[in-house]
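Chemist: Compact mmCIF, C-alpha atoms, file input11.txt:
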```
# COMPACT_ATOMS: atom_id res chain seq x y z
CA MET A 273 -11.64 -4.61 -4.88
CA THR A 274 -15.32 -4.00 -5.48
CA ALA A 275 -17.01 -0.59 -5.46
CA ALA A 276 -18.44 -1.25 -1.99
CA GLN A 277 -15.02 -2.25 -0.65
CA ALA A 278 -13.41 0.84 -2.22
CA HIS A 279 -16.00 3.04 -0.51
CA THR A 280 -15.15 1.63 2.94
CA PHE A 281 -11.43 1.09 2.36
CA ASP A 282 -9.01 2.90 4.68
CA TRP A 283 -7.34 5.08 2.05
CA PRO A 284 -5.56 7.42 4.56
CA GLY A 285 -4.14 4.40 6.38
CA ALA A 286 -2.81 2.90 3.14
CA ILE A 287 -1.24 6.23 2.16
CA ALA A 288 0.42 6.66 5.55
CA ARG A 289 1.76 3.09 5.63
CA ASN A 290 3.34 3.25 2.17
CA ARG A 291 4.56 6.80 2.70
CA ASP A 292 6.48 5.79 5.82
CA ALA A 293 8.04 2.86 3.95
CA LEU A 294 9.09 5.15 1.10
CA LEU A 295 10.60 7.65 3.52
CA ARG A 296 12.78 4.88 4.96
CA ILE A 297 14.02 4.07 1.45
CA VAL A 298 14.67 7.75 0.70
CA ALA A 299 16.69 8.06 3.91
CA VAL A 300 18.95 5.23 2.72
CA LEU A 301 19.30 6.81 -0.73
CA PHE A 302 20.24 10.15 0.86
CA ILE A 303 23.18 8.41 2.53
CA TYR A 304 24.20 6.69 -0.72
CA ALA A 305 24.17 10.04 -2.54
CA GLY A 306 25.94 11.89 0.28
CA LEU A 307 23.01 14.27 0.77
CA ASP A 308 23.39 13.93 4.53
CA GLU A 309 26.64 15.90 4.06
CA GLY A 310 25.50 18.32 1.36
CA GLY A 311 25.40 16.04 -1.67
CA ALA A 312 28.00 14.71 -4.08
CA ASP A 313 28.87 16.26 -7.44
CA GLU A 314 30.12 12.95 -8.80
CA MET A 315 29.89 9.30 -7.88
CA PRO A 316 30.96 5.96 -9.36
CA ARG A 317 28.64 4.62 -12.03
CA ARG A 318 27.96 1.46 -9.99
CA VAL A 319 26.67 3.59 -7.09
CA TRP A 320 24.58 5.69 -9.50
CA ARG A 321 22.99 2.54 -10.90
CA ARG A 322 22.28 1.18 -7.43
CA ILE A 323 20.46 4.37 -6.50
CA ILE A 324 18.48 4.41 -9.76
CA ARG A 325 17.27 0.84 -9.17
CA LEU A 326 15.57 2.07 -5.99
CA LEU A 327 14.73 5.61 -7.09
CA ARG A 328 12.63 4.75 -10.15
CA PRO A 329 10.12 2.50 -8.37
CA ALA A 330 10.08 4.86 -5.37
CA GLU A 331 9.18 7.83 -7.60
CA ALA A 332 6.45 5.84 -9.34
CA ALA A 333 5.04 4.69 -6.00
CA ALA A 334 5.03 8.25 -4.61
CA ARG A 335 3.23 9.47 -7.73
CA ARG A 336 0.54 6.84 -7.18
CA LEU A 337 0.17 7.88 -3.57
CA ILE A 338 -0.51 11.42 -4.80
CA VAL A 339 -3.15 10.08 -7.19
CA ILE A 340 -4.78 8.21 -4.31
CA ALA A 341 -4.67 11.29 -2.06
CA SER A 342 -6.33 13.38 -4.77
CA ARG A 343 -9.32 11.06 -4.77
CA GLY A 344 -12.45 13.14 -4.26
CA ILE A 345 -10.67 16.54 -4.26
CA GLU A 346 -12.62 19.07 -6.31
CA VAL A 347 -11.30 22.48 -7.27
CA PRO A 348 -13.10 25.30 -9.11
CA PRO A 349 -12.50 25.54 -12.85
CA PRO A 350 -9.55 27.74 -13.81
CA LYS A 351 -10.19 31.37 -14.62
CA PRO A 352 -9.57 32.46 -18.23
CA ARG A 353 -6.23 34.16 -18.64
CA ALA A 354 -6.03 37.74 -19.85
CA GLN A 355 -4.90 38.16 -23.43
CA LYS A 356 -1.38 39.44 -23.95
CA ALA A 357 -0.79 42.85 -25.49
CA PRO A 358 0.07 42.78 -29.20
CA ALA A 359 3.76 42.51 -29.94
CA PRO A 360 5.54 45.37 -31.70
CA VAL A 361 5.15 45.20 -35.48
CA THR A 362 7.76 46.46 -37.91
CA ARG A 363 6.80 47.11 -41.51
CA ALA A 364 8.77 48.73 -44.25
CA THR A 365 6.98 51.15 -46.62
CA GLY A 366 9.40 52.27 -49.28
CA CYS A 367 12.34 54.02 -47.64
CA VAL A 368 10.53 54.56 -44.32
CA THR A 369 10.25 51.94 -41.53
CA VAL A 370 7.12 52.29 -39.40
CA LEU A 371 7.16 50.94 -35.84
CA GLU A 372 3.81 50.30 -34.17
CA ASN A 373 3.07 49.74 -30.46
CA VAL A 374 6.61 50.75 -29.46
CA ASP A 375 7.45 53.12 -26.60
CA PHE A 376 10.89 54.76 -26.83
CA GLY A 377 10.66 56.37 -23.38
CA LEU A 378 13.03 53.89 -21.79
CA ALA A 379 15.38 54.10 -24.77
CA ARG A 380 15.82 57.86 -24.18
CA ALA A 381 16.41 57.46 -20.46
CA ARG A 382 19.94 57.36 -19.14
CA ARG A 383 21.00 53.89 -18.21
CA ALA A 384 22.17 53.27 -14.69
CA GLU A 385 25.53 51.74 -13.96
CA PRO A 386 25.31 47.94 -13.92
CA ALA A 387 25.34 46.59 -10.40
CA ALA A 388 27.78 43.93 -9.36
CA ARG A 389 26.39 40.51 -10.02
CA PRO A 390 25.99 38.37 -6.91
CA GLY A 391 27.29 34.85 -6.74
CA LYS A 392 25.38 32.20 -8.65
CA PRO A 393 22.77 30.71 -6.29
CA ALA A 394 22.34 26.99 -5.86
CA PRO A 395 19.85 25.45 -8.31
CA ALA A 396 16.33 25.21 -6.96
CA ILE A 397 14.81 21.86 -6.17
CA PRO A 398 12.60 20.90 -9.14
CA ALA A 399 8.91 20.23 -8.66
CA PHE A 400 8.07 16.56 -8.37
CA PRO A 401 6.63 15.38 -11.73
CA LEU A 402 2.98 14.39 -11.47
CA THR A 403 2.96 12.37 -14.71
CA ASP A 404 4.76 9.16 -15.54
CA PRO A 405 7.60 9.53 -18.05
CA PRO A 406 6.76 8.11 -21.48
CA ARG A 407 8.23 4.83 -22.53
CA ARG A 408 11.39 5.05 -24.55
CA PHE A 409 9.81 3.63 -27.68
CA ASP A 410 7.09 6.28 -27.37
CA ALA A 411 9.65 9.03 -28.01
CA ARG A 412 11.73 7.27 -30.66
CA GLY A 413 11.05 5.09 -33.67
CA TRP A 414 9.95 1.63 -32.55
CA HIS A 415 8.85 -0.24 -35.70
CA GLY A 416 8.93 -3.59 -33.90
CA LEU A 417 12.69 -3.39 -33.25
CA ARG A 418 14.54 -3.53 -29.96
CA PRO A 419 15.50 -0.07 -28.65
CA PHE A 420 19.09 -1.15 -27.88
CA PRO A 421 21.61 -3.05 -30.04
CA GLN A 422 22.67 -6.56 -29.13
CA ASP A 423 26.33 -6.24 -30.17
CA GLY A 424 28.84 -3.73 -31.47
CA PHE A 425 29.14 -1.72 -28.25
CA MET A 426 31.34 -1.65 -25.15
CA LEU A 427 30.07 -1.90 -21.60
CA ALA A 428 30.53 1.20 -19.48
CA ASP A 429 33.16 1.19 -16.76
CA PRO A 430 31.32 0.68 -13.42
CA ASN A 431 34.02 2.64 -11.55
CA GLU A 432 33.87 5.68 -13.84
CA GLU A 433 32.87 8.91 -12.11
CA VAL A 434 29.57 10.31 -13.42
CA SER A 435 27.63 13.47 -12.55
CA ALA A 436 25.32 13.09 -9.56
CA ARG A 437 23.73 16.57 -9.49
CA THR A 438 20.55 15.62 -11.36
CA LEU A 439 20.20 12.47 -9.29
CA CYS A 440 20.51 14.41 -6.03
CA ARG A 441 17.87 16.92 -7.17
CA ARG A 442 15.49 14.08 -8.01
CA LEU A 443 16.00 12.65 -4.54
CA GLN A 444 15.30 16.01 -2.95
CA ALA A 445 12.14 16.46 -5.04
CA LEU A 446 10.94 13.00 -3.99
CA LYS A 447 11.58 13.77 -0.33
CA ARG A 448 9.66 17.05 -0.61
CA ALA A 449 6.72 15.29 -2.28
CA LEU A 450 6.53 12.65 0.44
CA ASP A 451 6.63 15.34 3.13
CA ASP A 452 3.66 17.14 1.53
CA ILE A 453 1.40 14.49 -0.03
CA ASP A 454 -1.74 16.60 0.51
CA GLY A 455 -0.24 19.67 -1.15
CA HIS A 456 0.80 17.69 -4.22
CA ALA A 457 -2.64 16.06 -4.32
CA LYS A 458 -4.23 19.52 -4.57
CA ARG A 459 -1.69 20.41 -7.25
CA LEU A 460 -2.73 17.33 -9.22
CA ALA A 461 -6.41 18.23 -8.77
CA ARG A 462 -5.75 21.69 -10.23
CA ARG A 463 -4.04 20.15 -13.24
CA ARG A 464 -6.94 17.76 -13.67
CA ALA A 465 -9.33 20.73 -13.64
CA ARG A 466 -7.30 22.49 -16.33
CA ARG A 467 -7.28 19.33 -18.42
CA ASP A 468 -11.05 18.92 -18.07
CA ALA A 469 -11.49 22.56 -19.08
CA GLY A 470 -9.77 21.82 -22.39
CA LEU A 471 -6.60 23.81 -21.70
CA ARG A 472 -3.61 22.20 -23.34
CA GLY A 473 -0.25 21.90 -21.71
CA PRO A 474 2.11 19.32 -20.19
CA TRP A 475 -0.78 18.14 -17.99
CA HIS A 476 -2.89 16.87 -20.90
CA ARG A 477 -0.91 13.60 -20.79
CA PRO A 478 -2.41 10.92 -18.50
CA PHE A 479 -0.94 11.03 -15.01
CA LEU A 480 -0.46 7.25 -14.96
CA ARG A 481 0.73 5.70 -18.17
CA ARG A 482 -0.94 2.61 -19.52
CA GLY A 483 0.40 -0.80 -18.67
CA LEU A 484 3.12 -1.44 -16.13
CA PRO A 485 4.45 1.50 -14.08
CA PRO A 486 7.99 2.89 -14.40
CA GLY A 487 10.53 0.84 -12.51
CA HIS A 488 8.33 -2.28 -12.49
CA ARG A 489 10.08 -5.62 -12.19
CA LYS A 490 8.46 -8.94 -12.91
CA ARG A 491 10.24 -10.41 -9.90
CA PRO A 492 10.52 -7.93 -7.00
CA ALA A 493 14.12 -7.52 -5.88
CA ASN A 494 13.72 -5.06 -3.00
CA GLU A 495 11.16 -3.33 -0.79
CA ALA A 496 10.62 -0.52 -3.31
CA ASP A 497 9.33 -3.05 -5.85
CA ASP A 498 6.78 -4.42 -3.37
CA ILE A 499 5.62 -0.91 -2.45
CA LEU A 500 5.23 0.02 -6.11
CA ARG A 501 3.14 -3.06 -6.81
CA GLU A 502 0.73 -2.26 -3.98
CA CYS A 503 0.55 1.47 -4.74
CA HIS A 504 -0.11 0.82 -8.43
CA ALA A 505 -3.01 -1.50 -7.66
CA LEU A 506 -4.49 1.02 -5.21
CA ALA A 507 -4.02 3.94 -7.62
CA CYS A 508 -5.79 2.08 -10.43
CA GLN A 509 -8.71 1.51 -8.09
CA ALA A 510 -8.68 5.10 -6.82
CA ALA A 511 -8.65 6.47 -10.37
CA MET A 512 -11.97 4.82 -11.14
CA PRO A 513 -15.02 7.14 -11.01
CA LEU A 514 -16.66 7.40 -7.61
CA ASN A 515 -20.07 5.75 -7.33
CA THR A 516 -22.30 8.42 -5.82
CA SER A 517 -25.57 6.53 -6.32
```
Step by step, read the file and then write its structure as structure tokens.
Modeler:
Amino acid sequence: MTAAQAHTFDWPGAIARNRDALLRIVAVLFIYAGLDEGGADEMPRRVWRRIIRLLRPAEAAARRLIVIASRGIEVPPPKPRAQKAPAPVTRATGCVTVLENVDFGLARARRAEPAARPGKPAPAIPAFPLTDPPRRFDARGWHGLRPFPQDGFMLADPNEEVSARTLCRRLQALKRALDDIDGHAKRLARRRARRDAGLRGPWHRPFLRRGLPPGHRKRPANEADDILRECHALACQAAMPLNTS
């Protein structure tokens, strides 16, 4: 795609088309995970693996749709944060301990009776991650070796029950991101502004990792693989600087 073609390309139409396709996949995954009936705490490992095969490329494709939607969004630079008050300092001078910047007013007050603790609320849906996860050999020693052994291990039982709570929360976060692409695009633009301002944090890592995207397969095996391939190509084009000349 040339610069002239990118300028006249129907970006909203491409986002809407791929978003609808991803929502159809998410609807199927919700049924697999039992989220249509509240969600499952555990599921067989073979079902967990089947969901992961679709979830990984779907998450990567949704992240690329957010990158495309953030194209051209400009936000003001972040305001400098106020400095925190100095922490209490304790220093010992001989037999006397001097406490600085400490207020004992609350310590002298009479403590109220502890109220009854309410029931533990359900865990909140996590925010959809805007950055690709690092490759496994980026976080562990690589040294030209394969990350997994070739022998000396036993295959996991496909019928063993495994926890499905984290998987269900990832599905819910993906569904929320697809329902609010524009909101997440503004969120990404704010992180980009903080990164450009030189503020360090989890957003200083590139949003799209180099090379192939997470969940990529050389030979597409399902619709999620085809969607990811198209979204990745569009996101790489959208991430290029706009030609305003």
Chemist: Mind giving me the straight-line distance from atom CA of A:Arg318 to atom CA of A:Ala334 in Å, one decimal?
Modeler: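 Calculated distance between atom CA of A:Arg318 and atom CA of A:Ala334 is 24.5 Å.
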Chemist: Quick one: of A:Ile338, A:Ala493, A:Leu301, A:Leu500, who's nearest to A:Thr403, counting only C-alpha atoms?
Modeler: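 Using only C-alpha atoms, the shortest distance to A:Thr403 belongs to A:Ile338.
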Chemist: Atom CA of A:Val434 and atom CA of A:Arg481 are how many Å apart?
Modeler: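 For atom CA of A:Val434 relative to atom CA of A:Arg481, the distance reads 29.6 Å.
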Chemist: Figure out the distance between atom CA of A:Ile345 and atom CA of A:Thr280, please, to one decimal in Å.
Modeler: 17.2 Å
Chemist: Could you give me, as an NGL selection string, the residues within 7 Å of A:Ala510, counting all atoms listed in the file and dropping anything in the same chain fewer than 3 positions from it?
Modeler: :A and (340 or 343 or 506-507)
Chemist: When you look at A:Leu294 with a cut-off of 8 Å (counting all atoms listed in the file), what residues show up, excluding the ones that are within fewer than 5 positions of it in the same chain? I need them as a list in words.
Modeler: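 Residues near the query, excluding close chain neighbours: Ala330, Ala334, Leu450, Ala496 and Ile499 of chain A.
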Chemist: Tell me which of A:Val298, A:Leu326, A:Leu427, A:Met512 sits closest to A:Ala445, counting all atoms listed in the file.
Modeler: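 Checking each candidate against A:Ala445, we get A:Val298 as the closest.
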Chemist: Enclose all atoms of stretch 491-505 of chain A listed in the file in an axis-aligned box, grow every side by 4 Å, and hand back centre and edge lengths in Å to one decimal, as lines of an AutoDock Vina configuration file.
Modeler:
```
center_x = 5.6
center_y = -4.5
center_z = -5.3
size_x = 25.1
size_y = 19.9
size_z = 17.1
```
Chemist: Find the residues around A:Gly487 up to 12 Å (all atoms listed in the file counted), leave out those fewer than 6 positions away in its own chain, and share them as a PyMOL selection string.
Modeler: chain A and resi 324-333+404-405+407+493-494+496-501+504
Chemist: Counting only C-alpha atoms, what is within 8 Å of stretch 307-309 of chain A, bar same-chain residues fewer than 4 positions away, as a list in words?
Modeler: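 Listing them by chain and then by number gives Phe302, Ile303 and Cys440 of chain A.
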Chemist: Identify, on the basis of all atoms listed in the file, every residue whose closest approach to A:Leu402 does not exceed 10 Å; exclude the query and any residue fewer than 4 positions from it along the same chain; express the result as a list in words.
Modeler: Glu331, Ala332, Ala334, Arg335, Arg336, Ile338, Val339, Ala449, His456, Ala457, Arg459, Leu460, Arg463, Trp475, Pro478, Phe479 and Leu480 of chain A
Chemist: Which one is closest to A:Ala436: A:Pro492, A:Gly306, A:Pro395, A:Pro401? Count only C-alpha atoms.
Modeler: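 Nearest candidate to A:Ala436 out of A:Pro492, A:Gly306, A:Pro395, A:Pro401: A:Gly306.
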